[in-house]
Structures are given as C-alpha cells and as structure tokens.
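**Q** One structure is given below, represented as structure tokens, and several questions about it will come after.
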Amino acid sequence: MEKRSEKILLVVDSSILFSYFMLSRKIRSIILNSNVTLYTPDWAINELNKYFDNKIAKRFEEKGISREEIELIVLDLMQRLIVVPKTLYIDKWNDALKIAEQFDVKDAPFIALALKLSIPIWTGDRKIIEFGLKTGSYIALDTKAVEDLIKGESLKDVLDDLKKRFEL
C-alpha cells in the first residue's frame, strides 16, 4: 500500500478490532500503518475483553497459536490504539444515541467519539455506513474506503465511490 503524506485519523469500531484478531491481512496492514491514527472508545475494549477467552483466544488456540503469541498480538493492537474514556465524548452522547437508535444502540460510543473528534468511523457494519451516507450526520468508511484514503484518494472521491458501491 502506498503511503499518504498526512495522517489519517479514524475511530475504529468493534467489528474491525475483532477482524484484527481473526488475522485479516488487510485490516492488520491498515492498523499497523504508521500514517493511520486510530481512536476507539473504552467501550470497545470492554467488548473485546468480554469475548476474548470464549471466541478470540479459542480461535487462535485452534490454529496452534500459543498464549504468548496471542499476548503479543494483543500488545501490538493496544500500542496502535488511542483508547478514549467516555468522559471525553459524553457531550456528544445524546446526539449519538438518537442516531444509533435508528439501527443499533451499541454503535453510540463510536458515533459519539466520531462526532467529538470530527473524524470518520472505520467499520465493517453496513448499517452504520449506509446511515451516515444517507443522513450526512457522520462519516463511516469500510476497509476498501480506508485503503483508498491511504493510497491518496480524497475523502470526497472515497465517499462518492462508497455511495456507488452501496447503491445510494
């Protein structure tokens, strides 16, 4: 992937974080890209912890990955994330909740943080992307869109392509 000169700032949601642990090469390369800065609400880390032993660690162990290797993968991810406590985006909570009620209230922390920081959400959730595209109340991008940003495409061009791909 070519490098972009300016930093790309994104709020990363749980679907992407879980994909990182499923060893998705595309997602790992974006997360580890030094031109990308990733923010996530503390709620996402709680979600990861909730499912870690039952789903994530179990899948790694099935693939023959040791507990020590799993811990290194977790450390790699945690070093790339800026975890933001709810107290820093609480002022956007009610707006985010009103938006998220349209599709899934569990997405409110990501929307609130994106509204607070005025940056896009990187997600694998089609509903979040579609609602953002339809209403313009926030920006949400899928992995291909993020890859296109990293390659140097403008946000406007990326959003135009996203609308075409989502038939909106």
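FYI, nothing fancy with the structure tokens labels: chains A, B, ... in order, residues from 1 per chain, ligands from 1 as they appear.
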At a cut-off of 6 Å, using only C-alpha atoms, what residues contact region 92-103 of chain A? Leave out same-chain residues fewer than 5 positions from it and give the result as a list in words.
**A**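 Near region 92-103 of chain A, the qualifying residues are Ala108, Ile111 and Ala112 of chain A.
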**Q** Using C-alpha atoms, can you export the residues from the last selection as a PDB file, in the first residue's frame?
**A**
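Dumped everything to result_12.pdb:
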```
ATOM      1  CA  ALA A 108     -23.484   5.000  20.009  1.00  0.00           C
ATOM      2  CA  ILE A 111     -20.641   7.689  16.756  1.00  0.00           C
ATOM      3  CA  ALA A 112     -20.214   9.914  19.814  1.00  0.00           C
TER       4      ALA A 112
END
```
**Q** Using the chain letters and numbers from this document, which residues of chain A does DSSP assign to strand (DSSP E or B), as number ranges by chain?
**A** A: 8-12, 36-41, 81-84, 121-122, 140-141
**Q** Residues at most 10 Å from region 136-142 of chain A, counting only C-alpha atoms, excluding those fewer than 6 positions away in the same chain, as a VMD selection string?
**A** chain A and resid 10 to 12 16 95 to 96 99 110 to 112 114 to 115 118 to 130 149 155 158 to 159 162
**Q** Pick out the closest residue to Ile8 (chain A) from this set: A:Asp148, A:Glu61, A:Glu167, A:Asp42. Count only C-alpha atoms.
**A**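 Closest to Ile8 (chain A), using only C-alpha atoms: A:Asp148.
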**Q** In Å, how far is it from CA of Tyr39 (chain A) to CA of Arg80 (chain A)?
**A**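 Separation of CA of Tyr39 (chain A) and CA of Arg80 (chain A): 8.8 Å.
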**Q** For the atom pair CA of Phe18 (chain A) and CA of Leu48 (chain A), what is the interatomic distance in Å to one decimal place?
**A** 7.4 Å
**Q** Name the residues of region 5-168 of chain A that come out as alpha helix (DSSP H) in a backbone DSSP run; write them as a ChimeraX atom specification.
**A** /A:14-21,25-31,42-51,58-62,67-80,93-100,108-117,126-135,143-150,155-165
**Q** Using only C-alpha atoms, can you tell me which of A:Val146, A:Leu23, A:Leu72, A:Leu168 comes closest to Lys134 (chain A)?
**A**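 Of A:Val146, A:Leu23, A:Leu72, A:Leu168, the one nearest Lys134 (chain A), counting only C-alpha atoms, is A:Leu168.
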**Q** Which residues, written as an MDAnalysis selection string, have at least one atom at most 12 Å from Glu147 (chain A), with only C-alpha atoms counted and residues fewer than 4 positions away on the same chain left out?
**A** chainID A and resid 1:4 8 26:31 33 35:36 122 141:143 151:155 158
**Q** Using CA of Phe21 (chain A) and CA of Val83 (chain A) as the two end points, give the distance in Å to one decimal.
**A**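 About the pair CA of Phe21 (chain A) and CA of Val83 (chain A): they are 17.4 Å apart.
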